[in-house]
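Student: Next up is a structure, given as structure tokens.
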Amino acid sequence: MSETESGGSDTLRVGDRVELTFPARGDLVVLARLVTSAISARAGFDIESLEDLRLAVGELCLLALQGSDARHGDLCLEFTVAADVIDITCTLAGAGPGSRDAEDTGEADQLSEQILSALVDEYGRTQDDGAVRAWLRKRRRGHLA
Amino acid sequence: MTDRGQPDPASVPAEEAATESDFPPLSPAERDEMITANLGLAHQLARRFLHRGEPLDDLVQVASVALVKSVDRFDPGRGVDFAAFATRTIIGELKRHFRDKGWAVRASRRVQELYLELGHATSTLAQELGRSPTVAELARTTGATEEAVIEAIEAGQGYRAASIDASENEDDPLSARLGEFDGHYDSVEDRALLGPALATLPVREQSILRMRFIEGLTQSEIAIAVGVSQMHVSRLLAASLEKLRQSIGQVGADEVAPRP
């Protein structure tokens with residue numbers, strides 16, 4: 001049997017946590033997607049869920065970026081693997097307060113949230129002390145059943 | 001107090017009202033309005049898939065068709081928000097579009113081959129497992145490392161190169177510098193027609209046809225192989241070909257030129 005199935009060193013196990021921090025720029029969100037593929041694959045997600053997670057992480061980054069003047073901040077993604085779910089949190093730190101048109105932002109947020117609701121099991125967004133934090137949770141389907 | 005909220009018992013049978021959706025089907029005008037009102041949503045969702053190399057127009061078209069589907073399937077009685085329902089449907093269709101789509105990117109040959117192999121392995125495994133396979137399962141099936149599988153899936157995101165009509169100079173599109181219509185498509189069609197017809201022939205005739213036209217043996221060589229006279233091979237070949245012509249003629253009577 002393969003290493004991965006017997007829980008080899010390549011696999012992410014319950015409780016493992018991975019962090020990725022990169023400059024808060026839209027064109028770097030591709031990094032978030034790449035890392036998401038690699039991590040969710042190692043956490044045993046099927047490739048359809050993997051695609052969902054890739055797309056969802058993009059929206060997560062957008063949610064974190066929206067509403068702030070993110071030109072100088074960093075986006076920090078945190079992946080946590082639990083028994084049957086993966087949690088991904090995206091935090092925007094070090095950015096100035098929002099300067100964008102609130103109505104525009106609201107509409108874009110709504111779209112991102114609708115997309116997230118189509119792709120993941122739970123999601124949310126909080127904002128405290130100038131740090132915007134968006135998160136999602138997706139369950140592994142069928143794999144353990 | 002009025003009771004406008006109550007349905008008129010004469011026009012709505014109580015039982016039907018309780019079991020069927022309380023919302024009548026949309027009129028054509030309402031349907032149009034609902035579609036038009038949500039085209040923006042379809043457009044924005046299509047944009048989300050833009051980084052994968054498909055032209056926006058195609059994506060918008062896929063999304064718009066999905067929007068029409070979701071308007072037609074939407075059941076307000078279920079208490080789901082239409083935008084959420086449509087988003088789900090449109091994303092599903094866009095994902096399917098990429099999944100079904102061919103591919104044409106400058107990935108290395110190794111990655112391309114693996115990607116094609118993965119497509120095959122994915123459907124086989126999906127049938128066996130009754131669910132979408134994991135990367136680990138794909139790696140085991142294809143004999144590649146998980147990293148390579150991820151790389152290939154990753155490369156597969158750029159399914160499509162730029163259009164051959166795209167060019168800095170509009171008078172000189174790339175397509176103008178490419179070859180002519182590929183006649184092989186015709187032979188593909190012919191083969192598609194021929195396959196089922198071939199299967200109806202007796203096994204011996206099939207193998208004679210195979211030896212003659214695929215392996216390129218002469219009639220005399222076939223005669224030795226099968227253990228009959230060359231004349232007999234000739235007759236069998238002629239008869240087999242005639243049968244094929246007839247069964248293909250039945251399938252595509254209009255497309256096949258009439259024989260004298």
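Residue numbering restarts at 1 in every chain; chains get A, B, ... in the order shown in the structure tokens, and ligands count up from 1 in that same order.
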Could you give me, as a list of chain:residue names, the residues within 9 Å of Leu50 of chain A, counting only C-alpha atoms and dropping anything in the same chain fewer than 5 positions from it?

Tutor: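 Here the answer would be A:Thr36, A:Ser37, A:Ala38, A:Ser40, A:Ala41, A:Phe45, A:Leu55, B:Thr134.
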
Student: Mind writing the picked residues with C-alpha atoms as a short mmCIF file (atom, residue, chain, number, x, y, z; two decimals), in the first residue's frame?

Tutor:
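Output (part_23.cif):
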data_model
loop_
_atom_site.label_atom_id
_atom_site.label_comp_id
_atom_site.auth_asym_id
_atom_site.auth_seq_id
_atom_site.Cartn_x
_atom_site.Cartn_y
_atom_site.Cartn_z
CA THR A 36 -4.59 25.03 -1.11
CA SER A 37 -4.36 22.31 -3.76
CA ALA A 38 -1.24 20.85 -2.21
CA SER A 40 -6.08 19.64 0.67
CA ALA A 41 -4.65 16.84 -1.47
CA PHE A 45 -9.73 15.51 -0.14
CA LEU A 55 -12.00 28.55 -5.80
CA THR B 134 -8.31 11.42 -4.05
#

Student: Need to verify the contact set: Phe79 of chain A, 12 Å, only C-alpha atoms, exclusion of same-chain residues closer than 5 positions in sequence. Can you return it as a VMD selection string?

Tutor: chain A and resid 12 to 21 32 35 to 40 42 to 43 53 57 85 to 91 135 to 138

Student: Write out as an NGL selection string every residue belonging to chain B that has an atom at most 6 Å from any atom of chain A, counting only C-alpha atoms.

Tutor: :B and (84 or 88 or 132-135)

Student: With a distance cut-off of 10 Å and only C-alpha atoms, select the neighbouring residues of Met231 of chain B, excluding the residue or stretch itself and same-chain residues fewer than 5 positions from it, and output the selection as a PyMOL selection string.

Tutor: chain B and resi 219-220+223+236-237

Student: So what do you get for atom CA of Leu138 of chain B versus atom CA of Leu125 of chain B, distance-wise?

Tutor: 8.0 Å

Student: Identify, on the basis of only C-alpha atoms, every residue whose closest approach to Gly40 of chain B does not exceed 12 Å; exclude the query and any residue fewer than 2 positions from it along the same chain; express the result as JSON, numbers by chain.

Tutor: {"A": [107, 111], "B": [34, 35, 36, 37, 38, 42, 43, 44, 45, 46, 47, 60, 63, 64, 67, 83, 86, 87]}

Student: Quick one: write out the picked residues with N, CA and C atoms as a PDB file, in the first residue's frame?

Tutor:
ATOM      1  N   GLU A 107     -21.712  44.719  -2.206  1.00  0.00           N
ATOM      2  CA  GLU A 107     -22.169  43.860  -3.295  1.00  0.00           C
ATOM      3  C   GLU A 107     -21.146  42.769  -3.614  1.00  0.00           C
ATOM      4  N   LEU A 111     -21.445  38.610  -3.275  1.00  0.00           N
ATOM      5  CA  LEU A 111     -21.138  37.633  -4.319  1.00  0.00           C
ATOM      6  C   LEU A 111     -20.148  36.595  -3.784  1.00  0.00           C
TER       7      LEU A 111
ATOM      8  N   MET B  34     -36.625  37.720 -15.094  1.00  0.00           N
ATOM      9  CA  MET B  34     -35.792  37.102 -14.067  1.00  0.00           C
ATOM     10  C   MET B  34     -34.407  36.770 -14.632  1.00  0.00           C
ATOM     11  N   ILE B  35     -34.391  36.301 -15.875  1.00  0.00           N
ATOM     12  CA  ILE B  35     -33.113  35.988 -16.504  1.00  0.00           C
ATOM     13  C   ILE B  35     -32.295  37.265 -16.691  1.00  0.00           C
ATOM     14  N   THR B  36     -32.944  38.278 -17.249  1.00  0.00           N
ATOM     15  CA  THR B  36     -32.239  39.529 -17.515  1.00  0.00           C
ATOM     16  C   THR B  36     -31.685  40.137 -16.229  1.00  0.00           C
ATOM     17  N   ALA B  37     -32.502  40.072 -15.183  1.00  0.00           N
ATOM     18  CA  ALA B  37     -32.096  40.692 -13.920  1.00  0.00           C
ATOM     19  C   ALA B  37     -30.861  40.023 -13.341  1.00  0.00           C
ATOM     20  N   ASN B  38     -30.613  38.763 -13.715  1.00  0.00           N
ATOM     21  CA  ASN B  38     -29.507  38.033 -13.100  1.00  0.00           C
ATOM     22  C   ASN B  38     -28.330  37.784 -14.037  1.00  0.00           C
ATOM     23  N   ALA B  42     -24.398  36.019 -13.618  1.00  0.00           N
ATOM     24  CA  ALA B  42     -23.777  35.025 -14.495  1.00  0.00           C
ATOM     25  C   ALA B  42     -22.432  35.545 -14.999  1.00  0.00           C
ATOM     26  N   HIS B  43     -22.422  36.816 -15.360  1.00  0.00           N
ATOM     27  CA  HIS B  43     -21.213  37.433 -15.891  1.00  0.00           C
ATOM     28  C   HIS B  43     -20.103  37.437 -14.840  1.00  0.00           C
ATOM     29  N   GLN B  44     -20.466  37.812 -13.624  1.00  0.00           N
ATOM     30  CA  GLN B  44     -19.446  37.894 -12.570  1.00  0.00           C
ATOM     31  C   GLN B  44     -18.909  36.521 -12.194  1.00  0.00           C
ATOM     32  N   LEU B  45     -19.789  35.529 -12.179  1.00  0.00           N
ATOM     33  CA  LEU B  45     -19.331  34.180 -11.859  1.00  0.00           C
ATOM     34  C   LEU B  45     -18.407  33.664 -12.965  1.00  0.00           C
ATOM     35  N   ALA B  46     -18.748  33.992 -14.212  1.00  0.00           N
ATOM     36  CA  ALA B  46     -17.902  33.581 -15.334  1.00  0.00           C
ATOM     37  C   ALA B  46     -16.506  34.172 -15.170  1.00  0.00           C
ATOM     38  N   ARG B  47     -16.451  35.407 -14.703  1.00  0.00           N
ATOM     39  CA  ARG B  47     -15.144  36.064 -14.521  1.00  0.00           C
ATOM     40  C   ARG B  47     -14.275  35.330 -13.505  1.00  0.00           C
ATOM     41  N   VAL B  60     -19.045  33.252 -20.262  1.00  0.00           N
ATOM     42  CA  VAL B  60     -20.303  33.964 -20.040  1.00  0.00           C
ATOM     43  C   VAL B  60     -21.453  33.178 -20.666  1.00  0.00           C
ATOM     44  N   ALA B  63     -22.268  30.282 -18.437  1.00  0.00           N
ATOM     45  CA  ALA B  63     -22.930  30.780 -17.228  1.00  0.00           C
ATOM     46  C   ALA B  63     -24.354  31.221 -17.534  1.00  0.00           C
ATOM     47  N   SER B  64     -24.545  31.832 -18.704  1.00  0.00           N
ATOM     48  CA  SER B  64     -25.876  32.325 -19.038  1.00  0.00           C
ATOM     49  C   SER B  64     -26.849  31.172 -19.278  1.00  0.00           C
ATOM     50  N   LEU B  67     -27.798  29.940 -16.075  1.00  0.00           N
ATOM     51  CA  LEU B  67     -28.754  30.841 -15.428  1.00  0.00           C
ATOM     52  C   LEU B  67     -30.175  30.532 -15.891  1.00  0.00           C
ATOM     53  N   ALA B  83     -30.724  33.807  -5.696  1.00  0.00           N
ATOM     54  CA  ALA B  83     -29.324  34.107  -6.022  1.00  0.00           C
ATOM     55  C   ALA B  83     -28.415  32.965  -5.568  1.00  0.00           C
ATOM     56  N   ALA B  86     -29.033  29.986  -7.921  1.00  0.00           N
ATOM     57  CA  ALA B  86     -28.454  30.222  -9.248  1.00  0.00           C
ATOM     58  C   ALA B  86     -26.933  30.156  -9.181  1.00  0.00           C
ATOM     59  N   THR B  87     -26.347  30.723  -8.128  1.00  0.00           N
ATOM     60  CA  THR B  87     -24.891  30.684  -7.984  1.00  0.00           C
ATOM     61  C   THR B  87     -24.402  29.245  -7.989  1.00  0.00           C
TER      62      THR B  87
END
